[in-house]
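**Student:** Here it is: the structure, laid out below.
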Amino acid sequence: MTDPKTDPMKDQWLPVSMSADLGPARRDTVVMGVPVTIWRASDGTARAEAEGRTLAVTEDYDHLWICLGTPALPLFDIPEARQPGRRFVPCGRVRVACSPLRAIENFLDIAHFPFVHTDILGAEPQTEVTRYKVDLRENDTEVWATKVEFYQPQASKSATGGVLTEYSYRVPAPTVSVLYKTCPPRPGERDVIAIFVQPVSETVCDVWPWMALFDDESAQADLVGFQQMIFVQDRSILENQVPALLPLDPGREIPTRADLTSVAYRRYLKAHGFTYGAELVPA
Amino acid sequence: MPDPILWHPAALSRDLPAATVMPTACGDVEVALWRSAGGRVSAWYDRCPHRGMRLSHGFVRGEMLSCIYHGWRFDTEAVCRKIPAHPDLTPPETITVPRFRAAERHGVIWIAPRSDAAGQGQEAGQGQGRGQGRGTLDDGDPAPDALPPLPGDLGPLRSLQVARDGAAVADALGGWHARVAGGVHVLVQALPGGHAALHSLIDPEGDAIAASRRLEALRRDLESEAAA
């Protein structure tokens with residue numbers, strides 16, 4: 001097991017609640033095995049405490065973020081969150097009994113669409129993952145995958161038929177991933193869908209999906225429902241991977257070219273020592 | 001003479017129809033047990049070598065088992081034959097799943113560890129299935145004395161799970177194979193996590209409904225003894 005007291009994840013910003021759900025009543029949650037109390041003070045600011053200490057907090061992207069240690073960096077930037085005309089859709093919490101790192105890796109994966117999100121995000125026989133590009137940016141603190149193309153029967157709530165969708169993926173922090181995808185109603189712009197993952201323990205996480213869309217028509221409840229349906233399908237996979245912890249030893253599982261993003265993500269975790277939720281590599 | 005192979009009862013044949021897969025276990029190792037459309041039974045380590053997904057959640061098409069996560073397709077020798085993300089690629093034959101022996105007798109599916117390369121990884125529970133070559137052995141018939149002495153005319157009754165350690169259940173029943181009232185034969189299978197399965201067979205003239213109720217009572221007794 002990784003010691004939460006020394007893992008660099010304690011110095012990351014970690015999501016614990018939707019901002020809208022935070023009120024004057026104190027609420028308890030758990031981050032990296034540590035009980036954390038959160039509330040909104042009478043002056044409107046968010047507060048968090050753990051083990052008798054006041055924690056650093058910040059609010060952005062419709063969520064409350066806390067840091068158990070000393071923040072290594074400011075909260076990552078999603079420039080689209082400041083772009084006029086977008087609708088912001090926090091989707092609520094999905095509890096998954098899996099490693100927070102497996103949840104991120106699954107979000108970066110497209111090859112499973114035809115088998116897990118059948119007839120929605122993918123369908124046989126269009127299963128091919130063509131070559132795409134993976135690189136590290138921001139002084140190697142972010143993993144990016146670009147030019148990821150996939151045929152999708154119903155790419156989003158607003159899609160009316162099959163389209164070839166182009167994705168980019170970004171990992172700005174070990175338990176955060178942001179994807180950019182073709183926006184059917186507005187060619188030239190891209191929908192933004194993110195998952196903010198709260199590591200409850202090494203094998204349990206709360207996933208907080210968040211979207212920034214150009215969609216003037218769908219009801220908020222339908223957008224949230226669509227995203228919840230996708231995540232419930234993913235959960236049936238995530239709770240049945242063996243071992244529960246994400247293997248960082250390259251010999252433990254067999255990747256292919258379609259898994260380039262996952263390979264880069266695992267290397268990035270290893271390089272930065274983010275082993276909370278990972279299977280420790282034998283020396 | 002080599003050590004006798006230890007065969008574990010894994011399921012009633014009737015409960016694994018053609019083109020289906022189910023989870024079971026061999027000792028502490030989780031196993032995916034499946035039957036091809038043509039009827040062949042296979043027992044593998046319950047883990048896809050790609051991303052660790054349990055293969056018992058997969059699906060059978062024809063003579064292949066597919067992983068539900070990315071659709072990787074394995075033939076009855078547990079060799080990967082198709083990676084849907086790369087339809088034009090012929091997967092290297094080194095991508096395999098460690099497997100067990102599997103045989104059917106008396107309407108029961110029996111499984112046993114393999115000692116050859118095709119079974120490598122089972123004991124350690126690692127099961128990488130990589131670069132291990134392929135076993136040349138067939139699944140093999142159980143030696144005549146390797147299975148309990150069961151009469152030839154028994155029919156399947158039912159399988160049920162008991163929340164009690166397999167060895168303790170066998171102790172309480174007087175053996176891993178036991179005859180209980182009503183012409184019922186019970187085969188005990190140890191499962192991981194201190195559980196057991198009872199696979200039961202019944203004489204042709206036995207009363208299946210009464211016997212099934214007695215088995216439920218037996219389960220309650222076994223579980224309450226454990227709690228006592």
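Every chain in the structure tokens has a letter given in the order shown (A, B, ...), and although residue numbers restart at 1 in each chain, ligands are simply numbered from 1 in the order shown.
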Write out as a VMD selection string which residues come within 6 Å of Pro209 (chain A) when counting only C-alpha atoms, dropping same-chain ones fewer than 6 positions away.
**Tutor:** chain A and resid 91 194 to 195
**Student:** For Gly225 (chain A), please output as number ranges by chain all residues within 12 Å (counting only C-alpha atoms; exclusion window: fewer than 6 positions along the same chain).
**Tutor:** A: 89-92, 94, 156-157, 209, 218-219, 231-232
**Student:** Kindly give the distance, in Å, that separates CA of Glu128 (chain A) and CA of Met64 (chain B), rounded to a single decimal.
**Tutor:**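 Answer for the CA of Glu128 (chain A) to CA of Met64 (chain B) separation: 19.6 Å.
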**Student:** Taking the backbone alone, and naming residues the way the document does, which bits of region 25-240 of chain A are alpha helix (DSSP H) by DSSP, as a ChimeraX atom specification?
**Tutor:** /A:100-107,113-116,220-238
**Student:** Applying 7 Å and only C-alpha atoms, which residues near region 167-184 of chain A remain after dropping the ones on its own chain fewer than 6 positions away? List them as a PyMOL selection string.
**Tutor:** chain A and resi 76+100-101+104+108+141-149+159+190-197+269
**Student:** Please produce a file of those selected residues containing C-alpha atoms, as a compact mmCIF listing (two decimals), in the first residue's frame.
**Tutor:**
# COMPACT_ATOMS: atom_id res chain seq x y z
CA PHE A 76 -5.04 23.63 -13.58
CA PRO A 100 -8.85 6.44 -8.92
CA LEU A 101 -6.08 5.85 -11.47
CA ILE A 104 -8.79 8.02 -15.30
CA LEU A 108 -8.65 7.98 -21.76
CA THR A 141 3.32 17.89 -16.09
CA GLU A 142 0.51 17.15 -18.59
CA VAL A 143 -0.21 14.20 -20.87
CA TRP A 144 -1.93 15.04 -24.17
CA ALA A 145 -3.38 12.75 -26.86
CA THR A 146 -4.51 14.42 -30.07
CA LYS A 147 -6.05 13.45 -33.42
CA VAL A 148 -7.90 10.55 -31.84
CA GLU A 149 -10.64 9.61 -34.32
CA ALA A 159 -26.22 14.03 -31.95
CA ARG A 190 -15.35 21.53 -29.38
CA ASP A 191 -17.34 20.14 -26.49
CA VAL A 192 -15.42 19.78 -23.24
CA ILE A 193 -16.09 16.82 -20.94
CA ALA A 194 -14.00 16.27 -17.85
CA ILE A 195 -13.84 13.88 -14.97
CA PHE A 196 -12.62 15.08 -11.61
CA VAL A 197 -11.80 12.04 -9.49
CA LEU A 269 2.46 8.54 -12.89
**Student:** When you get a sec, could you note down which chain A residues fall within 8 Å of chain B, using only C-alpha atoms, as a PyMOL selection string?
**Tutor:** chain A and resi 111-116+127-130+237+240-243+251-255+258
**Student:** In Å, with one decimal, what is the gap from CA of Ser99 (chain A) to CA of Phe59 (chain B)?
**Tutor:**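 Pair CA of Ser99 (chain A) / CA of Phe59 (chain B) returns 25.2 Å.
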**Student:** For region 96-105 of chain B, list every protein, DNA or RNA residue within 6 Å, evaluated using only C-alpha atoms, and leave out those in the same chain fewer than 2 positions away; present the list as a list in words.
**Tutor:**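 My reading of the contact set: Ser42, Ala43, Trp44, Tyr45, Ala78, Val79, Cys80, Thr94, Gly107, Val108, Ile109, Trp110, Ile111, Ala112, Pro113, Arg114, Ala118, Gly119, Gln120, Gly127, Gly129 and Asp139 of chain B.
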**Student:** Residues as selected, C-alpha atoms, written as a CSV table (one decimal), in the first residue's frame, can you do that?
**Tutor:**
chain,number,residue,atom,x,y,z
B,42,SER,CA,-12.6,-24.5,-21.3
B,43,ALA,CA,-11.4,-23.2,-17.9
B,44,TRP,CA,-9.1,-20.2,-17.8
B,45,TYR,CA,-7.6,-17.8,-15.4
B,78,ALA,CA,-6.6,-19.6,-25.1
B,79,VAL,CA,-4.6,-17.9,-27.8
B,80,CYS,CA,-5.6,-14.3,-28.8
B,94,THR,CA,2.4,-15.2,-27.3
B,107,GLY,CA,-23.1,-34.3,-15.8
B,108,VAL,CA,-20.4,-32.3,-13.9
B,109,ILE,CA,-17.7,-30.1,-15.2
B,110,TRP,CA,-14.4,-30.8,-13.4
B,111,ILE,CA,-11.3,-28.6,-13.5
B,112,ALA,CA,-7.7,-29.1,-12.5
B,113,PRO,CA,-4.5,-27.1,-12.5
B,114,ARG,CA,-2.1,-27.8,-15.4
B,118,ALA,CA,-0.1,-23.4,-20.7
B,119,GLY,CA,-1.0,-23.3,-17.0
B,120,GLN,CA,1.8,-21.0,-16.0
B,127,GLY,CA,-1.3,-14.9,-15.0
B,129,GLY,CA,0.1,-15.0,-20.3
B,139,ASP,CA,-7.0,-31.1,-21.6
**Student:** So what do you get for CA of Asp77 (chain A) versus CA of Asp109 (chain A), distance-wise?
**Tutor:**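 Computing it gives 22.6 Å between the two atoms.
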**Student:** Could you pull out all residues of region 138-258 of chain A with a DSSP call of strand (DSSP E or B) and give them as a PyMOL selection string?
**Tutor:** chain A and resi 142-152+163-173+176-182+190-199+205-213+241+246-247
**Student:** For Arg213 (chain B), which residue out of B:Ala117, B:Val41, B:Leu160, B:Cys26 is the nearest one, using only C-alpha atoms?
**Tutor:**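 Once distances to Arg213 (chain B) are computed over only C-alpha atoms, the minimum belongs to B:Leu160.
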**Student:** Name the residues in contact with region 16-33 of chain A at a cut-off of 9 Å, using only C-alpha atoms, excluding same-chain residues fewer than 6 positions from it; report them as number ranges by chain.
**Tutor:** A: 4, 9-10, 39-42, 44, 46, 59-66, 68, 90-93, 197-202, 205-206, 208, 276
